file target09.txt (compact mmCIF, C-alpha atoms)
# COMPACT_ATOMS: atom_id res chain seq x y z
CA MET A 27 18.76 31.03 -44.86
CA LYS A 28 18.11 29.02 -41.71
CA ALA A 29 17.81 25.30 -42.18
CA LYS A 30 14.48 23.83 -41.16
CA PHE A 31 14.35 20.43 -39.53
CA SER A 32 11.47 18.09 -38.99
CA PRO A 33 11.12 16.81 -35.36
CA SER A 34 12.88 13.58 -36.35
CA GLU A 35 15.71 15.50 -38.06
CA MET A 36 16.34 17.99 -35.24
CA PRO A 37 19.80 17.84 -33.65
CA GLU A 38 19.99 15.71 -30.51
CA SER A 39 21.27 18.63 -28.42
CA HIS A 40 18.21 20.70 -29.36
CA GLN A 41 15.83 17.83 -28.58
CA SER A 42 17.53 17.32 -25.21
CA ALA A 43 17.18 21.02 -24.43
CA GLU A 44 13.44 20.80 -25.10
CA ARG A 45 12.98 17.61 -23.09
CA ALA A 46 14.66 19.01 -19.95
CA PRO A 47 11.96 21.62 -19.08
CA GLN A 48 9.22 19.07 -19.85
CA ALA A 49 10.87 16.52 -17.54
CA ARG A 50 11.17 19.10 -14.74
CA TYR A 51 7.54 20.10 -15.19
CA ARG A 52 6.35 16.48 -15.04
CA LEU A 53 8.50 15.87 -11.96
CA LYS A 54 7.01 18.94 -10.27
CA ILE A 55 3.46 17.76 -11.08
CA LEU A 56 4.24 14.27 -9.78
CA TYR A 57 5.77 15.65 -6.58
CA LEU A 58 2.88 18.04 -5.81
CA PHE A 59 0.31 15.35 -6.60
CA THR A 60 2.09 12.86 -4.31
CA TYR A 61 2.41 15.43 -1.52
CA ASN A 62 -1.29 16.30 -1.63
CA LEU A 63 -2.19 12.61 -1.82
CA ILE A 64 -0.14 11.86 1.33
CA GLN A 65 -1.78 14.73 3.19
CA PHE A 66 -5.22 13.59 2.02
CA CYS A 67 -4.55 10.05 3.27
CA GLY A 68 -3.32 11.38 6.61
CA TYR A 69 -6.31 13.62 7.24
CA SER A 70 -8.70 10.96 5.95
CA TRP A 71 -7.29 8.55 8.54
CA ILE A 72 -7.69 11.19 11.26
CA SER A 73 -11.24 12.05 10.26
CA THR A 74 -12.27 8.39 9.96
CA ASN A 75 -10.64 7.52 13.28
CA ILE A 76 -12.34 10.39 15.10
CA THR A 77 -15.74 9.43 13.67
CA ALA A 78 -15.33 5.69 14.33
CA ARG A 79 -14.17 6.24 17.90
CA PHE A 80 -17.04 8.61 18.62
CA LEU A 81 -19.62 6.19 17.22
CA THR A 82 -18.08 3.31 19.18
CA PHE A 83 -17.23 4.90 22.55
CA GLY A 84 -19.39 8.01 22.53
CA LYS A 85 -18.30 10.86 24.82
CA ASP A 86 -15.53 8.73 26.32
CA SER A 87 -13.62 9.01 23.03
CA LEU A 88 -13.36 12.79 23.39
CA VAL A 89 -11.01 12.54 26.36
CA ASP A 90 -8.14 10.66 24.71
CA THR A 91 -8.36 12.17 21.22
CA TYR A 92 -4.87 13.67 21.49
CA HIS A 93 -3.26 10.44 22.70
CA SER A 94 -4.92 8.40 19.92
CA ILE A 95 -4.52 10.79 16.99
CA GLY A 96 -1.95 13.37 18.06
CA ALA A 97 1.04 11.60 16.47
CA VAL A 98 -0.54 11.45 13.00
CA MET A 99 -1.86 15.00 13.32
CA GLY A 100 1.63 16.16 14.29
CA LEU A 101 3.14 14.45 11.24
CA CYS A 102 0.60 16.08 8.90
CA GLN A 103 1.20 19.48 10.46
CA LEU A 104 4.97 19.13 10.13
CA LEU A 105 4.57 18.15 6.48
CA SER A 106 2.47 21.27 5.91
CA ILE A 107 5.63 23.35 6.46
CA LEU A 108 6.72 22.10 3.03
CA GLU A 109 3.89 24.15 1.52
CA LEU A 110 5.71 27.32 2.51
CA ILE A 111 8.84 26.04 0.77
CA HIS A 112 6.76 25.20 -2.31
CA ILE A 113 5.57 28.80 -2.57
CA LEU A 114 8.98 30.37 -1.85
CA THR A 115 10.72 28.20 -4.46
CA GLY A 116 8.01 28.76 -7.07
CA ILE A 117 6.88 25.13 -7.21
CA GLU A 118 3.38 26.21 -6.22
CA GLN A 119 1.71 29.46 -7.23
CA SER A 120 -0.22 30.66 -4.20
CA PRO A 121 -0.28 33.68 -1.84
CA PHE A 122 2.39 33.19 0.81
CA LEU A 123 1.03 35.21 3.75
CA PRO A 124 -2.33 33.40 4.23
CA ARG A 125 -0.62 30.00 4.01
CA PHE A 126 2.14 31.13 6.38
CA LEU A 127 -0.38 32.32 8.97
CA GLN A 128 -2.39 29.09 8.77
CA VAL A 129 0.60 26.75 8.98
CA THR A 130 2.31 28.73 11.75
CA GLU A 131 -0.86 29.08 13.80
CA ARG A 132 -1.65 25.36 13.67
CA ASN A 133 1.89 24.27 14.50
CA ILE A 134 2.12 26.67 17.45
CA ILE A 135 -1.21 25.50 18.85
CA LEU A 136 -0.36 21.81 18.40
CA PHE A 137 3.32 21.69 19.39
CA VAL A 138 3.62 24.62 21.79
CA VAL A 139 0.22 24.90 23.45
CA ILE A 140 -1.34 21.41 23.39
CA THR A 141 1.80 19.29 23.66
CA SER A 142 3.29 21.35 26.49
CA GLN A 143 0.23 21.14 28.75
CA GLU A 144 -0.73 17.56 29.51
CA GLU A 145 -3.68 18.64 31.67
CA MET A 146 -5.33 20.30 28.67
CA GLN A 147 -4.84 17.41 26.24
CA SER A 148 -7.97 15.63 27.50
CA LYS A 149 -10.27 18.61 27.00
CA HIS A 150 -13.18 18.24 24.58
CA VAL A 151 -12.01 21.32 22.68
CA VAL A 152 -9.02 19.28 21.41
CA TRP A 153 -11.47 16.84 19.82
CA ALA A 154 -13.38 19.74 18.26
CA LEU A 155 -10.17 21.30 16.95
CA PHE A 156 -8.87 18.06 15.41
CA SER A 157 -12.30 17.37 13.88
CA LEU A 158 -12.50 20.80 12.27
CA TRP A 159 -8.93 20.68 10.95
CA SER A 160 -9.35 17.23 9.43
CA THR A 161 -12.78 18.01 7.93
CA LEU A 162 -11.44 21.07 6.15
CA ASP A 163 -8.27 19.38 4.92
CA VAL A 164 -9.90 16.15 3.78
CA ILE A 165 -11.70 18.29 1.20
CA LYS A 166 -8.90 20.77 0.53
CA TYR A 167 -6.21 18.29 -0.52
CA PRO A 168 -8.25 16.35 -3.14
CA TYR A 169 -9.16 19.73 -4.63
CA ARG A 170 -5.47 20.63 -4.86
CA MET A 171 -4.61 17.20 -6.29
CA LEU A 172 -7.03 17.71 -9.16
CA SER A 173 -5.87 21.30 -9.68
CA VAL A 174 -2.26 20.11 -10.01
CA ILE A 175 -3.10 17.76 -12.89
CA GLY A 176 -5.34 20.34 -14.53
CA SER A 177 -8.60 18.58 -13.75
CA ASP A 178 -11.32 20.68 -12.13
CA LEU A 179 -14.40 18.97 -10.75
CA HIS A 180 -16.94 21.75 -10.31
CA ILE A 181 -18.78 19.87 -7.57
CA LEU A 182 -15.56 19.45 -5.54
CA SER A 183 -14.64 23.09 -6.10
CA TRP A 184 -18.11 24.11 -4.92
CA ILE A 185 -17.87 21.88 -1.81
CA GLN A 186 -14.37 23.24 -1.08
CA HIS A 187 -15.55 26.85 -1.03
CA CYS A 188 -18.87 26.12 0.70
CA VAL A 189 -17.16 24.19 3.50
CA TRP A 190 -14.27 26.66 3.83
CA MET A 191 -16.53 29.68 4.42
CA PRO A 192 -18.26 28.43 7.63
CA LEU A 193 -15.40 26.26 8.90
CA SER A 194 -12.62 28.87 8.77
CA PRO A 195 -14.18 31.29 11.30
CA LEU A 196 -15.30 28.31 13.40
CA ILE A 197 -11.71 27.01 13.49
CA VAL A 198 -10.39 30.43 14.50
CA LEU A 199 -13.03 30.62 17.24
CA THR A 200 -12.14 27.14 18.53
CA GLU A 201 -8.41 27.92 18.49
CA GLY A 202 -9.09 31.12 20.44
CA LEU A 203 -11.27 29.22 22.91
CA TYR A 204 -8.57 26.62 23.49
CA SER A 205 -5.89 29.28 23.97
CA SER A 206 -8.15 31.07 26.45
CA CYS A 207 -8.77 27.82 28.36
CA CYS A 208 -5.02 27.17 28.51
CA GLN A 209 -4.35 30.66 29.80
CA SER A 210 -7.04 30.34 32.47
CA HIS A 211 -5.68 26.95 33.48
CA GLU A 212 -2.14 28.32 33.74
CA GLU A 213 -3.31 31.24 35.89
CA LEU A 214 -5.26 28.87 38.14
CA LYS A 215 -2.19 26.66 38.53
CA GLN A 216 -0.01 29.65 39.43
CA ASN A 217 -2.56 30.88 41.99
CA THR A 218 -2.71 27.42 43.52
CA LYS A 219 1.08 27.38 43.87
CA ARG A 220 1.05 30.83 45.47
CA ASN A 221 -1.63 29.79 47.95
CA ALA A 222 0.27 26.62 48.78
CA THR A 223 3.45 28.64 49.36
CA LYS A 224 1.61 31.10 51.61
CA ALA A 225 0.04 28.22 53.57
CA LYS A 226 3.48 26.71 54.22
CA LYS A 227 4.86 30.03 55.43
CA ASN A 228 1.93 30.47 57.81
call {"tool": "encode", "arguments": {"input": "target09.txt", "output": "structure tokens"}}
result
Amino acid sequence: MKAKFSPSEMPESHQSAERAPQARYRLKILYLFTYNLIQFCGYSWISTNITARFLTFGKDSLVDTYHSIGAVMGLCQLLSILELIHILTGIEQSPFLPRFLQVTERNIILFVVITSQEEMQSKHVVWALFSLWSTLDVIKYPYRMLSVIGSDLHILSWIQHCVWMPLSPLIVLTEGLYSSCCQSHEELKQNTKRNATKAKKN
């Protein structure tokens, strides 16, 4: 017959074996909660800064949005790459492909398209893009924080889904508009160079 032990009488090795998975689980919860909290603070700062600058300076604030907020936005976008690692390593249970497309698309637009073309950084569409990104994420990350600790506020869940539905296609449209503007600007610049070269030859 197998000996039965009360929790206080269980061998130390068995108790240690049970504590290890619990410790790893708590560490995972703490890490995910902290990550989402950092992202929430970052996007809250961006959203608040955009709103405050617009209320203070009006349309003039739209021109230097990238120069004022671009560094913090870049940091938040770089941190979002960790979300892909979370899914691949099993820390977070979420579909990989939609998250991969979102993270990749944003990072390409920010670091490849916007950063590489200084002439386009002052366009109003950059303000619109940053505003839409921060508005969506300032709601998304608190929702994930509560989901991590097993707390589900129905009102926040409802806001998350209600905001996501109209904002997602609007963000895609704005990203497409900015990419189109950049392409048109690049073509115009190339045509100007060609005309200048032809004028010199003549």
call {"tool": "residues_around", "arguments": {"input": "target09.txt", "residues": "Leu114 of chain A", "least_positions_apart": "6", "cutoff": "12 Å", "atoms": "all atoms listed in the file", "output": "ChimeraX atom specification"}}
result
/A:107-108,120-123,125-126
call {"tool": "closest_residue", "arguments": {"input": "target09.txt", "among": "A:Gln209, A:Gln65, A:Ser157, A:Thr74", "to": "Gln143 of chain A", "atoms": "only C-alpha atoms"}}
result
A:Gln209
call {"tool": "residues_around", "arguments": {"input": "target09.txt", "residues": "Gln147 of chain A", "least_positions_apart": "4", "cutoff": "8 Å", "atoms": "only C-alpha atoms", "output": "PDB file with C-alpha atoms, in the frame of the given file"}}
result
ATOM      1  CA  VAL A  89     -11.010  12.540  26.360  1.00  0.00           C
ATOM      2  CA  ASP A  90      -8.140  10.660  24.710  1.00  0.00           C
ATOM      3  CA  TYR A  92      -4.870  13.670  21.490  1.00  0.00           C
ATOM      4  CA  HIS A  93      -3.260  10.440  22.700  1.00  0.00           C
ATOM      5  CA  ILE A 140      -1.340  21.410  23.390  1.00  0.00           C
ATOM      6  CA  THR A 141       1.800  19.290  23.660  1.00  0.00           C
ATOM      7  CA  GLN A 143       0.230  21.140  28.750  1.00  0.00           C
ATOM      8  CA  VAL A 152      -9.020  19.280  21.410  1.00  0.00           C
TER       9      VAL A 152
END
call {"tool": "atom_distance", "arguments": {"input": "target09.txt", "atom1": "atom CA of Glu109 of chain A", "atom2": "atom CA of Tyr167 of chain A"}}
result
11.9 Å
call {"tool": "closest_residue", "arguments": {"input": "target09.txt", "among": "A:Phe137, A:Tyr51, A:Trp190, A:Tyr57", "to": "Met99 of chain A", "atoms": "only C-alpha atoms"}}
result
A:Phe137
call {"tool": "atom_distance", "arguments": {"input": "target09.txt", "atom1": "atom CA of Leu199 of chain A", "atom2": "atom CA of Lys149 of chain A"}}
result
15.7 Å
call {"tool": "residues_around", "arguments": {"input": "target09.txt", "residues": "Ser70 of chain A", "least_positions_apart": "4", "cutoff": "9 Å", "atoms": "only C-alpha atoms", "output": "list in words"}}
result
Gln65, Phe66, Thr74, Asn75, Ser160, Thr161, Asp163 and Val164 of chain A
call {"tool": "atom_distance", "arguments": {"input": "target09.txt", "atom1": "atom CA of Leu88 of chain A", "atom2": "atom CA of Trp153 of chain A"}}
result
5.7 Å
call {"tool": "residues_around", "arguments": {"input": "target09.txt", "residues": "Pro168 of chain A", "least_positions_apart": "2", "cutoff": "9 Å", "atoms": "all atoms listed in the file", "output": "PyMOL selection string"}}
result
chain A and resi 62-63+66+163-166+170-173+182
call {"tool": "closest_residue", "arguments": {"input": "target09.txt", "among": "A:His180, A:Cys207, A:Cys102, A:Gln48", "to": "Glu145 of chain A", "atoms": "only C-alpha atoms"}}
result
A:Cys207
call {"tool": "residues_around", "arguments": {"input": "target09.txt", "residues": "Thr77 of chain A", "least_positions_apart": "4", "cutoff": "12 Å", "atoms": "all atoms listed in the file", "output": "PyMOL selection string"}}
result
chain A and resi 70-73+81-85+87-88+91+95+153-154+156-158+160-161
call {"tool": "closest_residue", "arguments": {"input": "target09.txt", "among": "A:Ile197, A:Leu101, A:Leu136, A:Ile185", "to": "Cys67 of chain A", "atoms": "all atoms listed in the file"}}
result
A:Leu101
call {"tool": "closest_residue", "arguments": {"input": "target09.txt", "among": "A:Gly68, A:Pro195, A:Pro124, A:Gly116", "to": "Val98 of chain A", "atoms": "all atoms listed in the file"}}
result
A:Gly68
call {"tool": "closest_residue", "arguments": {"input": "target09.txt", "among": "A:Ile76, A:Val174, A:Cys188, A:Leu105", "to": "Leu155 of chain A", "atoms": "all atoms listed in the file"}}
result
A:Ile76
call {"tool": "axis_aligned_box", "arguments": {"input": "target09.txt", "around": "segment 135-149 of chain A", "padding_each_side": "3 Å", "output": "AutoDock Vina command-line options"}}
result
--center_x -3.3 --center_y 20.6 --center_z 25.0 --size_x 19.9 --size_y 15.9 --size_z 19.3
